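final_38.cif (mmCIF, C-alpha atoms and all ligand atoms) appears below.
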```
data_my_file
#
loop_
_atom_site.label_atom_id
_atom_site.label_comp_id
_atom_site.auth_asym_id
_atom_site.auth_seq_id
_atom_site.Cartn_x
_atom_site.Cartn_y
_atom_site.Cartn_z
CA MET A 269 -59.57 -149.65 -58.25
CA HIS A 270 -62.70 -149.43 -60.38
CA THR A 271 -62.18 -146.15 -62.17
CA LEU A 272 -61.65 -146.55 -65.89
CA LEU A 273 -58.38 -144.89 -66.97
CA PRO A 274 -57.15 -144.03 -63.45
CA THR A 275 -54.83 -141.02 -63.63
CA SER A 276 -51.47 -140.76 -61.90
CA ILE A 277 -48.33 -138.65 -61.93
CA VAL A 278 -44.97 -140.35 -62.47
CA GLY A 279 -43.45 -138.97 -59.28
CA SER A 280 -42.19 -135.55 -58.40
CA LEU A 281 -44.02 -132.24 -58.16
CA PRO A 282 -42.31 -128.87 -57.61
CA LYS A 283 -41.59 -128.05 -53.98
CA PRO A 284 -42.74 -124.81 -52.33
CA ALA A 285 -40.08 -122.07 -52.33
CA TRP A 286 -40.00 -122.04 -48.51
CA LEU A 287 -38.86 -125.68 -48.57
CA ALA A 288 -36.31 -125.77 -51.38
CA GLN A 289 -35.11 -123.60 -54.23
CA PRO A 290 -37.67 -123.95 -57.06
CA GLU A 291 -37.02 -125.22 -60.59
CA THR A 292 -33.73 -126.89 -59.64
CA LEU A 293 -32.64 -130.54 -59.32
CA TRP A 294 -30.70 -131.47 -56.17
CA SER A 295 -31.91 -128.18 -54.75
CA PRO A 296 -30.69 -127.68 -51.15
CA TRP A 297 -33.28 -127.60 -48.34
CA ALA A 298 -34.24 -124.24 -46.86
CA LEU A 299 -35.01 -125.82 -43.46
CA GLN A 300 -33.13 -128.10 -41.06
CA GLY A 301 -33.80 -130.74 -38.43
CA GLU A 302 -37.30 -131.02 -37.03
CA ALA A 303 -38.47 -127.97 -39.01
CA LEU A 304 -37.40 -129.75 -42.20
CA ARG A 305 -39.28 -132.92 -41.30
CA GLU A 306 -42.38 -130.90 -40.53
CA GLY A 307 -41.93 -128.78 -43.65
CA THR A 308 -41.64 -131.77 -45.97
CA HIS A 309 -44.83 -133.23 -44.51
CA ASP A 310 -46.64 -129.90 -44.91
CA ALA A 311 -45.50 -129.82 -48.54
CA LEU A 312 -46.67 -133.42 -48.96
CA ARG A 313 -50.11 -132.38 -47.62
CA ILE A 314 -50.29 -129.66 -50.28
CA ALA A 315 -49.21 -132.08 -53.02
CA VAL A 316 -51.98 -134.49 -51.99
CA HIS A 317 -54.53 -131.67 -51.77
CA GLU A 318 -53.71 -130.46 -55.29
CA GLN A 319 -53.88 -134.01 -56.71
CA HIS A 320 -57.32 -134.48 -55.09
CA ARG A 321 -58.56 -131.08 -56.19
CA ARG A 322 -57.42 -131.61 -59.77
CA GLY A 323 -58.97 -135.05 -60.08
CA LEU A 324 -56.04 -137.48 -59.87
CA ASP A 325 -57.08 -141.05 -59.01
CA ILE A 326 -53.79 -142.54 -57.81
CA ILE A 327 -52.10 -140.29 -55.26
CA SER A 328 -48.33 -139.85 -54.90
CA ASP A 329 -46.22 -137.92 -52.42
CA GLY A 330 -44.88 -135.63 -55.15
CA GLU A 331 -41.44 -136.58 -53.76
CA GLN A 332 -41.71 -133.67 -51.33
CA THR A 333 -39.65 -135.45 -48.67
CA ARG A 334 -36.64 -136.18 -50.88
CA GLN A 335 -34.03 -134.02 -52.47
CA HIS A 336 -33.50 -136.34 -55.45
CA PHE A 337 -35.13 -139.58 -56.57
CA VAL A 338 -31.89 -141.58 -56.39
CA THR A 339 -29.53 -139.73 -54.06
CA THR A 340 -31.90 -139.48 -51.10
CA PHE A 341 -32.38 -143.25 -51.03
CA ILE A 342 -28.63 -143.87 -51.19
CA GLU A 343 -28.01 -141.41 -48.33
CA HIS A 344 -29.70 -143.87 -45.98
CA LEU A 345 -27.41 -146.78 -46.85
CA SER A 346 -24.16 -147.75 -45.21
CA GLY A 347 -21.17 -148.53 -47.42
CA VAL A 348 -21.49 -145.27 -49.36
CA ASP A 349 -19.25 -142.31 -48.52
CA PHE A 350 -20.76 -138.95 -49.46
CA GLU A 351 -17.52 -137.09 -48.65
CA GLN A 352 -15.50 -139.04 -51.20
CA ARG A 353 -16.85 -137.79 -54.49
CA GLU A 354 -15.92 -138.65 -58.05
CA THR A 355 -17.14 -137.17 -61.28
CA VAL A 356 -18.88 -139.75 -63.45
CA ARG A 357 -20.93 -139.56 -66.61
CA ILE A 358 -24.58 -140.23 -65.73
CA ARG A 359 -26.50 -142.32 -68.27
CA ASP A 360 -23.76 -141.53 -70.80
CA ARG A 361 -25.12 -137.98 -70.93
CA TYR A 362 -23.97 -135.53 -68.30
CA ASP A 363 -21.20 -135.36 -65.70
CA ALA A 364 -22.07 -135.22 -62.03
CA SER A 365 -20.13 -135.40 -58.80
CA VAL A 366 -21.33 -138.57 -57.08
CA PRO A 367 -20.60 -140.42 -53.81
CA THR A 368 -18.32 -143.47 -53.61
CA VAL A 369 -19.14 -147.04 -52.63
CA VAL A 370 -16.42 -147.85 -50.08
CA GLY A 371 -17.74 -151.05 -48.44
CA ALA A 372 -20.58 -153.56 -48.38
CA VAL A 373 -23.89 -151.72 -48.92
CA SER A 374 -26.82 -152.24 -46.58
CA ARG A 375 -29.94 -150.40 -45.43
CA ARG A 376 -29.26 -148.91 -41.99
CA GLU A 377 -32.91 -148.04 -41.42
CA PRO A 378 -36.20 -147.73 -43.31
CA VAL A 379 -35.83 -144.85 -45.77
CA PHE A 380 -39.31 -143.71 -46.79
CA VAL A 381 -41.57 -145.88 -44.67
CA ARG A 382 -42.50 -143.15 -42.19
CA ASP A 383 -43.27 -140.71 -45.02
CA ALA A 384 -45.36 -143.32 -46.82
CA ALA A 385 -47.32 -144.02 -43.64
CA PHE A 386 -47.98 -140.28 -43.42
CA LEU A 387 -49.16 -140.18 -47.05
CA ARG A 388 -51.50 -143.08 -46.19
CA THR A 389 -53.19 -140.93 -43.53
CA GLN A 390 -53.81 -138.13 -46.05
CA THR A 391 -56.00 -139.91 -48.60
CA ASP A 392 -58.41 -142.82 -48.99
CA GLN A 393 -57.46 -143.21 -52.66
CA PRO A 394 -54.84 -145.70 -53.85
CA ILE A 395 -51.31 -144.47 -53.16
CA LYS A 396 -48.16 -145.02 -55.18
CA TRP A 397 -44.58 -144.73 -53.96
CA ALA A 398 -41.54 -144.49 -56.25
CA LEU A 399 -38.11 -145.99 -55.58
CA PRO A 400 -35.06 -145.88 -57.83
CA GLY A 401 -34.35 -149.09 -59.75
CA PRO A 402 -31.12 -151.03 -59.11
CA MET A 403 -29.53 -150.17 -62.45
CA THR A 404 -30.28 -146.46 -62.14
CA MET A 405 -28.82 -146.48 -58.60
CA ILE A 406 -25.46 -147.87 -59.67
CA ASP A 407 -25.30 -145.32 -62.45
CA THR A 408 -25.35 -142.51 -59.86
CA LEU A 409 -22.34 -143.79 -57.87
CA TYR A 410 -18.63 -144.42 -58.13
CA ASP A 411 -17.91 -148.00 -57.03
CA ARG A 412 -14.55 -148.62 -55.36
CA HIS A 413 -15.66 -151.75 -53.46
CA TYR A 414 -17.51 -154.28 -55.64
CA ARG A 415 -15.95 -153.08 -58.89
CA SER A 416 -18.78 -154.81 -60.71
CA ARG A 417 -21.94 -153.05 -61.86
CA GLU A 418 -23.81 -156.34 -61.76
CA LYS A 419 -22.77 -157.29 -58.20
CA LEU A 420 -23.69 -153.87 -56.89
CA ALA A 421 -27.06 -154.01 -58.69
CA TRP A 422 -27.93 -157.33 -56.99
CA GLU A 423 -27.03 -155.84 -53.59
CA PHE A 424 -29.28 -152.84 -54.26
CA ALA A 425 -32.08 -155.11 -55.47
CA THR A 426 -32.06 -156.91 -52.11
CA ILE A 427 -32.09 -153.60 -50.24
CA LEU A 428 -34.91 -152.21 -52.41
CA ASN A 429 -36.96 -155.34 -51.79
CA GLU A 430 -36.65 -154.84 -48.01
CA GLU A 431 -37.80 -151.25 -48.36
CA ALA A 432 -40.62 -152.15 -50.78
CA ARG A 433 -42.01 -154.80 -48.41
CA GLU A 434 -42.11 -152.27 -45.58
CA LEU A 435 -43.77 -149.66 -47.82
CA GLU A 436 -46.39 -152.26 -48.70
CA ALA A 437 -46.94 -152.99 -45.00
CA ALA A 438 -47.37 -149.22 -44.43
CA GLY A 439 -50.31 -149.26 -46.85
CA VAL A 440 -48.74 -148.41 -50.20
CA ASP A 441 -50.86 -149.92 -53.00
CA ILE A 442 -48.49 -149.42 -55.92
CA ILE A 443 -44.70 -149.50 -55.84
CA GLN A 444 -42.85 -147.98 -58.75
CA PHE A 445 -39.20 -148.49 -59.69
CA ASP A 446 -37.62 -145.73 -61.77
CA GLU A 447 -35.25 -147.24 -64.34
CA PRO A 448 -34.37 -144.58 -66.93
CA ALA A 449 -31.07 -146.51 -67.29
CA PHE A 450 -33.08 -149.13 -69.25
CA ASN A 451 -33.19 -146.65 -72.13
CA VAL A 452 -29.40 -146.42 -72.28
CA PHE A 453 -27.53 -149.58 -71.21
CA PHE A 454 -29.19 -152.27 -73.30
CA ASP A 455 -26.59 -155.04 -72.85
CA ASP A 456 -26.56 -154.75 -69.05
CA MET A 457 -30.34 -154.57 -69.05
CA ARG A 458 -30.61 -157.83 -70.98
CA ASP A 459 -27.86 -159.59 -69.01
CA TRP A 460 -28.98 -158.70 -65.47
CA GLY A 461 -30.95 -155.42 -65.37
CA VAL A 462 -34.44 -156.90 -65.69
CA ALA A 463 -33.49 -159.78 -63.36
CA THR A 464 -32.34 -157.38 -60.63
CA LEU A 465 -35.55 -155.36 -61.07
CA GLU A 466 -37.59 -158.53 -60.59
CA ARG A 467 -35.55 -159.30 -57.47
CA ALA A 468 -36.44 -155.84 -56.10
CA ALA A 469 -40.14 -156.60 -56.70
CA GLN A 470 -40.00 -160.20 -55.43
CA GLY A 471 -42.89 -161.36 -53.26
CA LEU A 472 -44.78 -158.05 -53.29
CA ARG A 473 -48.56 -158.10 -53.18
CA ALA A 474 -48.65 -154.41 -54.06
CA GLU A 475 -48.88 -153.65 -57.75
CA THR A 476 -45.52 -152.93 -59.34
CA VAL A 477 -44.54 -150.37 -61.96
CA VAL A 478 -41.32 -149.75 -63.83
CA HIS A 479 -40.89 -146.20 -65.13
CA ILE A 480 -38.56 -145.75 -68.10
CA CYS A 481 -38.20 -142.34 -69.65
CA TYR A 482 -35.98 -139.91 -71.47
CA GLY A 483 -35.47 -137.81 -68.35
CA TYR A 484 -36.55 -134.55 -66.78
CA GLY A 485 -36.98 -131.48 -68.95
CA ILE A 486 -33.43 -130.24 -68.26
CA ALA A 487 -30.93 -128.97 -70.86
CA ALA A 488 -28.68 -132.10 -70.87
CA ASN A 489 -31.66 -134.32 -71.61
CA THR A 490 -33.12 -132.02 -74.25
CA ALA A 491 -29.72 -131.96 -76.02
CA TRP A 492 -29.49 -135.76 -75.84
CA LYS A 493 -33.02 -136.16 -77.24
CA ALA A 494 -32.03 -133.99 -80.20
CA THR A 495 -29.44 -136.65 -81.17
CA LEU A 496 -31.92 -139.53 -81.15
CA GLY A 497 -33.38 -138.89 -84.59
CA SER A 498 -36.98 -138.72 -85.74
CA GLU A 499 -38.07 -142.06 -84.25
CA TRP A 500 -37.12 -143.04 -80.70
CA ARG A 501 -37.05 -146.84 -80.67
CA GLN A 502 -35.13 -147.37 -77.38
CA TYR A 503 -38.18 -148.99 -75.76
CA GLU A 504 -37.97 -151.75 -78.35
CA GLU A 505 -35.09 -153.16 -76.30
CA SER A 506 -36.82 -153.24 -72.91
CA PHE A 507 -40.51 -153.79 -73.65
CA PRO A 508 -40.33 -157.42 -74.86
CA LEU A 509 -38.33 -158.34 -71.74
CA LEU A 510 -40.70 -156.48 -69.44
CA GLN A 511 -43.73 -158.02 -71.15
CA ARG A 512 -42.40 -161.40 -69.97
CA SER A 513 -41.43 -160.10 -66.49
CA VAL A 514 -43.35 -160.17 -63.19
CA ILE A 515 -43.73 -156.37 -63.22
CA ASP A 516 -47.42 -155.39 -63.60
CA THR A 517 -47.19 -151.98 -65.25
CA VAL A 518 -44.77 -150.21 -67.56
CA SER A 519 -44.62 -146.39 -67.43
CA LEU A 520 -43.42 -144.68 -70.58
CA GLU A 521 -42.98 -141.27 -72.14
CA SER A 522 -45.27 -140.49 -75.06
CA HIS A 523 -46.81 -137.02 -75.43
CA ASN A 524 -44.68 -134.72 -77.67
CA SER A 525 -41.99 -137.40 -77.86
CA HIS A 526 -40.75 -139.25 -80.93
CA VAL A 527 -41.64 -142.64 -79.49
CA PRO A 528 -43.69 -144.51 -82.14
CA MET A 529 -46.99 -145.41 -80.45
CA ASP A 530 -47.04 -148.91 -81.94
CA LEU A 531 -44.18 -149.88 -79.57
CA VAL A 532 -46.88 -150.10 -76.89
CA GLU A 533 -48.04 -153.26 -78.66
CA LEU A 534 -44.84 -154.94 -77.36
CA LEU A 535 -46.33 -154.71 -73.85
CA ARG A 536 -49.61 -156.46 -74.73
CA GLY A 537 -51.13 -157.94 -71.56
CA LYS A 538 -49.37 -155.53 -69.20
CA LYS A 539 -50.81 -152.34 -67.78
CA VAL A 540 -49.45 -149.24 -69.47
CA MET A 541 -48.90 -145.96 -67.65
CA LEU A 542 -48.75 -143.60 -70.59
CA GLY A 543 -47.23 -140.13 -70.51
CA ALA A 544 -49.87 -137.78 -71.88
CA ILE A 545 -48.32 -134.66 -70.31
CA ASP A 546 -44.99 -133.24 -71.53
CA VAL A 547 -42.74 -132.26 -68.61
CA ALA A 548 -40.18 -130.52 -70.84
CA THR A 549 -42.39 -127.57 -71.78
CA GLU A 550 -44.10 -124.96 -69.68
CA ARG A 551 -47.01 -124.86 -72.12
CA VAL A 552 -50.00 -126.53 -70.46
CA GLU A 553 -51.64 -129.16 -72.67
CA THR A 554 -55.26 -128.69 -73.68
CA PRO A 555 -57.64 -131.47 -72.60
CA GLU A 556 -58.15 -132.31 -76.30
CA GLU A 557 -54.38 -132.80 -76.80
CA VAL A 558 -54.26 -135.18 -73.84
CA ALA A 559 -57.31 -137.03 -75.17
CA GLY A 560 -55.67 -137.35 -78.59
CA THR A 561 -52.60 -139.05 -77.12
CA LEU A 562 -54.76 -141.43 -75.08
CA ARG A 563 -56.90 -142.32 -78.11
CA ARG A 564 -53.79 -143.23 -80.10
CA ALA A 565 -52.56 -145.40 -77.24
CA LEU A 566 -55.90 -147.22 -77.05
CA GLU A 567 -55.14 -148.73 -80.46
CA PHE A 568 -52.45 -150.78 -78.71
CA VAL A 569 -53.60 -151.19 -75.12
CA ALA A 570 -56.94 -152.37 -73.69
CA PRO A 571 -58.93 -149.60 -71.92
CA ASP A 572 -58.85 -151.46 -68.62
CA LYS A 573 -55.04 -151.49 -68.76
CA LEU A 574 -54.35 -147.83 -69.55
CA ILE A 575 -53.22 -145.40 -66.82
CA PRO A 576 -52.95 -141.80 -68.09
CA SER A 577 -49.90 -140.10 -66.62
CA SER A 578 -47.17 -137.52 -67.05
CA ASN A 579 -44.05 -138.32 -69.12
CA CYS A 580 -41.75 -138.00 -66.10
CA GLY A 581 -41.34 -136.08 -62.85
CA MET A 582 -42.39 -132.44 -62.74
CA ALA A 583 -39.91 -131.17 -60.11
CA PRO A 584 -38.15 -128.68 -62.41
CA LEU A 585 -41.38 -126.95 -63.57
CA PRO A 586 -42.88 -123.78 -62.08
CA ARG A 587 -45.38 -124.86 -59.47
CA SER A 588 -48.57 -123.37 -60.90
CA ILE A 589 -47.81 -124.84 -64.32
CA ALA A 590 -47.29 -128.31 -62.87
CA PHE A 591 -50.62 -128.09 -61.04
CA ASP A 592 -52.39 -126.86 -64.20
CA LYS A 593 -50.92 -129.86 -66.03
CA LEU A 594 -52.61 -132.13 -63.47
CA SER A 595 -55.94 -130.52 -64.34
CA ALA A 596 -55.24 -130.99 -68.07
CA LEU A 597 -54.49 -134.68 -67.47
CA SER A 598 -57.80 -135.18 -65.64
CA ALA A 599 -59.84 -133.18 -68.15
CA GLY A 600 -58.33 -135.00 -71.15
CA THR A 601 -58.88 -138.36 -69.50
CA ALA A 602 -62.50 -137.45 -68.75
CA ILE A 603 -63.12 -136.86 -72.47
CA VAL A 604 -61.84 -140.33 -73.39
CA ARG A 605 -63.65 -142.00 -70.48
CA GLY A 606 -66.87 -140.46 -71.79
CA GLU A 607 -66.19 -141.84 -75.25
CA LEU A 608 -65.45 -145.33 -73.91
CA GLU A 609 -68.55 -145.37 -71.74
CA ALA A 610 -70.73 -144.21 -74.63
CA VAL A 611 -69.78 -147.27 -76.72
ZN ZN B 1 -38.76 -140.17 -65.72
#
```
Give the structure from the file, written as structure tokens.
Ligand SMILES: [Zn+2]
Amino acid sequence: MHTLLPTSIVGSLPKPAWLAQPETLWSPWALQGEALREGTHDALRIAVHEQHRRGLDIISDGEQTRQHFVTTFIEHLSGVDFEQRETVRIRDRYDASVPTVVGAVSRREPVFVRDAAFLRTQTDQPIKWALPGPMTMIDTLYDRHYRSREKLAWEFATILNEEARELEAAGVDIIQFDEPAFNVFFDDMRDWGVATLERAAQGLRAETVVHICYGYGIAANTAWKATLGSEWRQYEESFPLLQRSVIDTVSLESHNSHVPMDLVELLRGKKVMLGAIDVATERVETPEEVAGTLRRALEFVAPDKLIPSSNCGMAPLPRSIAFDKLSALSAGTAIVRGELEAV
């Protein structure tokens, strides 16, 4: 990729209303069977079209073929019973009814490989595919079998690595692991979280990204953020470990957040996918606001290592607003590119 400051979204885009209920997480599908498969691919086509039209450089599927970034992956594994549900506290923040691990977990079949191969046919630009990280997966389950968060995380890491290798073979250029749990469970992250992430990425030739954020713009997350004080220093725990890891790129939340920008310095040498679009507000950023965030980041990251992005997934936003935010990301990035090229 030769573009300076290549732009990318973190993952999800809103789905069309004919496919799933808008502005809702875990929203049920409006179609079934073959019509659903066709519908998700039609929605994926639209997501790609809008990313092209609005100037994105790295193209994602907008997560149009999955109901949820963690649950849909787990649905394709054996050893997990979706009928047996328990209420657990997710990321120490909100209660959710989750499936139960009842036996050894394994991947019955490729999960997203067919969808990724379809995305590959829709664009000549680099494509990125997101998978949940091992630690975030175990946080979305009740475990009756292993009874050890660490053991289950290692099992998931092996499964994720199988899937990632097949995604790579299907033409995916960049594989991203979503690990918001790294902003919450610091002891586990230090003890085995980063190691299981590296296991998931083992042997990949595709570029690898880890996305760590403060969550979607939903009420439970907004309330949690309000308790974090005026400076959010959670990244201080993960960044030094990730700087020494095999992962190529770290994706973080920045725009409108209370994350001190100088924490980016802790990643020196890595690529930085920086959130310059707030996903928790329906107000569309101006290009100048996006440019301002990118300029501040460039004090701590080399221009050839900065990837302008959104803070997190955009699934819960109204569709037209999410698309306008893509345009704002491109326009703001173009301003800074111009400045860098003028030097
Ligand atoms: Zn996120």
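For the residues A:Gly485, A:Pro282, A:Gly606, A:Pro274, ranking by smallest atom-to-atom distance to A:Gln393 using only C-alpha atoms places A:Pro274 first.
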- Task: Can you tell me which residues come within 12 Å of ligand ZN 1 (chain B) when counting only C-alpha atoms and all ligand atoms, ideally as a PyMOL selection string?
- Result: chain A and resi 277-280+337-338+398-401+404+444-451+478-486+489+518-522+541-543+545-548+577-584
- Message: I'd like the neighbourhood of A:Leu272 as number ranges by chain, where a residue qualifies if any of its atoms comes within 10 Å (using all atoms listed in the file), though same-chain residues fewer than 2 positions away should be ignored.
- Response: A: 269-270, 274-275, 325, 571-575, 601-602, 604-606, 608-609
- Item | Residue among A:Gly461, A:Pro290, A:Gly537, A:Pro378 lying closest to A:Ile427, counting all atoms listed in the file | A:Pro378
- What is the atom CA of A:Glu306-atom CA of A:Pro402 distance in Å, reported with one decimal?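 One can read the atom CA of A:Glu306 to atom CA of A:Pro402 distance as 29.6 Å.
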- Message: Can you measure atom CA of A:Leu420 to atom CA of A:Arg357 for me? One decimal in Å is fine.
- Response: 17.5 Å
- Of the candidates A:Leu465, A:Ser276, A:Ser498, A:Ser328, which shows the shortest atom-to-atom distance to A:Ala544, using all atoms listed in the file?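 Among the listed residues, A:Ser276 lies closest to A:Ala544.
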- Query: If you count all atoms listed in the file, which residues fall within 8 Å of A:Glu466, apart from same-chain ones fewer than 5 positions away, as number ranges by chain?
  - Reply: A: 513-515
- A:Thr561, A:Gln511, A:Thr464, A:Asn524 ranked by distance to A:Met405, top pick (using only C-alpha atoms):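 Closest candidate: A:Thr464.
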- Task: Name the residues in contact with A:Arg433 at a cut-off of 9 Å, using all atoms listed in the file, excluding same-chain residues fewer than 2 positions from it; report them as a list in words.
- Result: Leu428, Asn429, Glu430, Glu431, Leu435, Glu436, Ala437, Ala438, Ala469, Gly471, Leu472, Arg473 and Ala474 of chain A
- Task: Go through A:His336, A:His317, A:Arg412, A:Arg564 one by one, measure the shortest atom-to-atom distance of each to A:Gln352 using all atoms listed in the file, and give the residue with the smallest value.
- Result: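 Once distances to A:Gln352 are computed over all atoms listed in the file, the minimum belongs to A:Arg412.
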- Counting only C-alpha atoms, the residue of A:Arg361, A:Arg382, A:Arg334, A:Arg388 that sits nearest A:Val316: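 Between A:Arg361, A:Arg382, A:Arg334, A:Arg388, the residue approaching A:Val316 most closely is A:Arg388.
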- Within 10 Å of A:Arg551, counting all atoms listed in the file, which residues qualify if same-chain residues fewer than 2 places away don't, as number ranges by chain? A: 546-549, 553-554, 589-590, 592-593
- Between atom CA of A:Arg321 and atom CA of A:Thr389, measure the distance and give it in Å to one decimal. 16.9 Å
- Message: If we count only C-alpha atoms and set the cut-off at 10 Å, which residues sit around A:Asp383, ignoring sequence neighbours fewer than 4 positions away in its own chain? Please answer as a ChimeraX atom specification.
- Response: /A:305,308-309,312,329,331-334,379,387-388,397,435,438
Kindly export the residues of the current selection with C-alpha atoms, as a CSV table (one decimal), in the frame of the given file.
```csv
chain,number,residue,atom,x,y,z
A,305,ARG,CA,-39.3,-132.9,-41.3
A,308,THR,CA,-41.6,-131.8,-46.0
A,309,HIS,CA,-44.8,-133.2,-44.5
A,312,LEU,CA,-46.7,-133.4,-49.0
A,329,ASP,CA,-46.2,-137.9,-52.4
A,331,GLU,CA,-41.4,-136.6,-53.8
A,332,GLN,CA,-41.7,-133.7,-51.3
A,333,THR,CA,-39.6,-135.4,-48.7
A,334,ARG,CA,-36.6,-136.2,-50.9
A,379,VAL,CA,-35.8,-144.8,-45.8
A,387,LEU,CA,-49.2,-140.2,-47.0
A,388,ARG,CA,-51.5,-143.1,-46.2
A,397,TRP,CA,-44.6,-144.7,-54.0
A,435,LEU,CA,-43.8,-149.7,-47.8
A,438,ALA,CA,-47.4,-149.2,-44.4
```
Subset file as a tab-separated table (two decimals), in the first residue's frame: stretch 408-427 of chain A, N, CA and C atoms:
```tsv
chain	number	residue	atom	x	y	z
A	408	THR	N	-17.56	-13.27	26.82
A	408	THR	CA	-18.92	-13.23	26.29
A	408	THR	C	-19.57	-14.62	26.42
A	409	LEU	N	-19.04	-15.44	27.34
A	409	LEU	CA	-19.50	-16.82	27.51
A	409	LEU	C	-19.55	-17.19	28.99
A	410	TYR	N	-20.36	-18.20	29.30
A	410	TYR	CA	-20.30	-18.82	30.62
A	410	TYR	C	-19.60	-20.17	30.44
A	411	ASP	N	-18.55	-20.42	31.18
A	411	ASP	CA	-17.72	-21.62	30.96
A	411	ASP	C	-17.98	-22.66	32.05
A	412	ARG	N	-18.63	-23.76	31.63
A	412	ARG	CA	-18.93	-24.85	32.57
A	412	ARG	C	-17.95	-26.01	32.36
A	413	HIS	N	-17.11	-25.94	31.32
A	413	HIS	CA	-16.27	-27.08	30.95
A	413	HIS	C	-14.81	-26.90	31.39
A	414	TYR	N	-14.15	-25.88	30.91
A	414	TYR	CA	-12.73	-25.68	31.25
A	414	TYR	C	-12.56	-25.10	32.65
A	415	ARG	N	-13.51	-24.27	33.03
A	415	ARG	CA	-13.47	-23.58	34.31
A	415	ARG	C	-12.15	-22.85	34.55
A	416	SER	N	-11.60	-22.36	33.45
A	416	SER	CA	-10.36	-21.58	33.52
A	416	SER	C	-10.39	-20.61	32.35
A	417	ARG	N	-10.37	-19.32	32.65
A	417	ARG	CA	-10.38	-18.32	31.58
A	417	ARG	C	-9.17	-18.51	30.68
A	418	GLU	N	-8.03	-18.79	31.31
A	418	GLU	CA	-6.80	-18.91	30.52
A	418	GLU	C	-6.86	-20.11	29.57
A	419	LYS	N	-7.29	-21.27	30.08
A	419	LYS	CA	-7.35	-22.47	29.22
A	419	LYS	C	-8.26	-22.24	28.02
A	420	LEU	N	-9.42	-21.65	28.30
A	420	LEU	CA	-10.38	-21.40	27.22
A	420	LEU	C	-9.80	-20.41	26.21
A	421	ALA	N	-9.08	-19.41	26.69
A	421	ALA	CA	-8.47	-18.41	25.79
A	421	ALA	C	-7.46	-19.07	24.85
A	422	TRP	N	-6.65	-20.01	25.37
A	422	TRP	CA	-5.68	-20.71	24.51
A	422	TRP	C	-6.40	-21.55	23.45
A	423	GLU	N	-7.50	-22.20	23.84
A	423	GLU	CA	-8.29	-22.97	22.87
A	423	GLU	C	-8.81	-22.05	21.77
A	424	PHE	N	-9.36	-20.90	22.15
A	424	PHE	CA	-9.88	-19.96	21.16
A	424	PHE	C	-8.77	-19.41	20.27
A	425	ALA	N	-7.60	-19.20	20.86
A	425	ALA	CA	-6.47	-18.67	20.07
A	425	ALA	C	-6.12	-19.64	18.94
A	426	THR	N	-6.12	-20.93	19.24
A	426	THR	CA	-5.82	-21.94	18.22
A	426	THR	C	-6.88	-21.91	17.12
A	427	ILE	N	-8.15	-21.82	17.53
A	427	ILE	CA	-9.25	-21.78	16.58
A	427	ILE	C	-9.17	-20.52	15.71
```
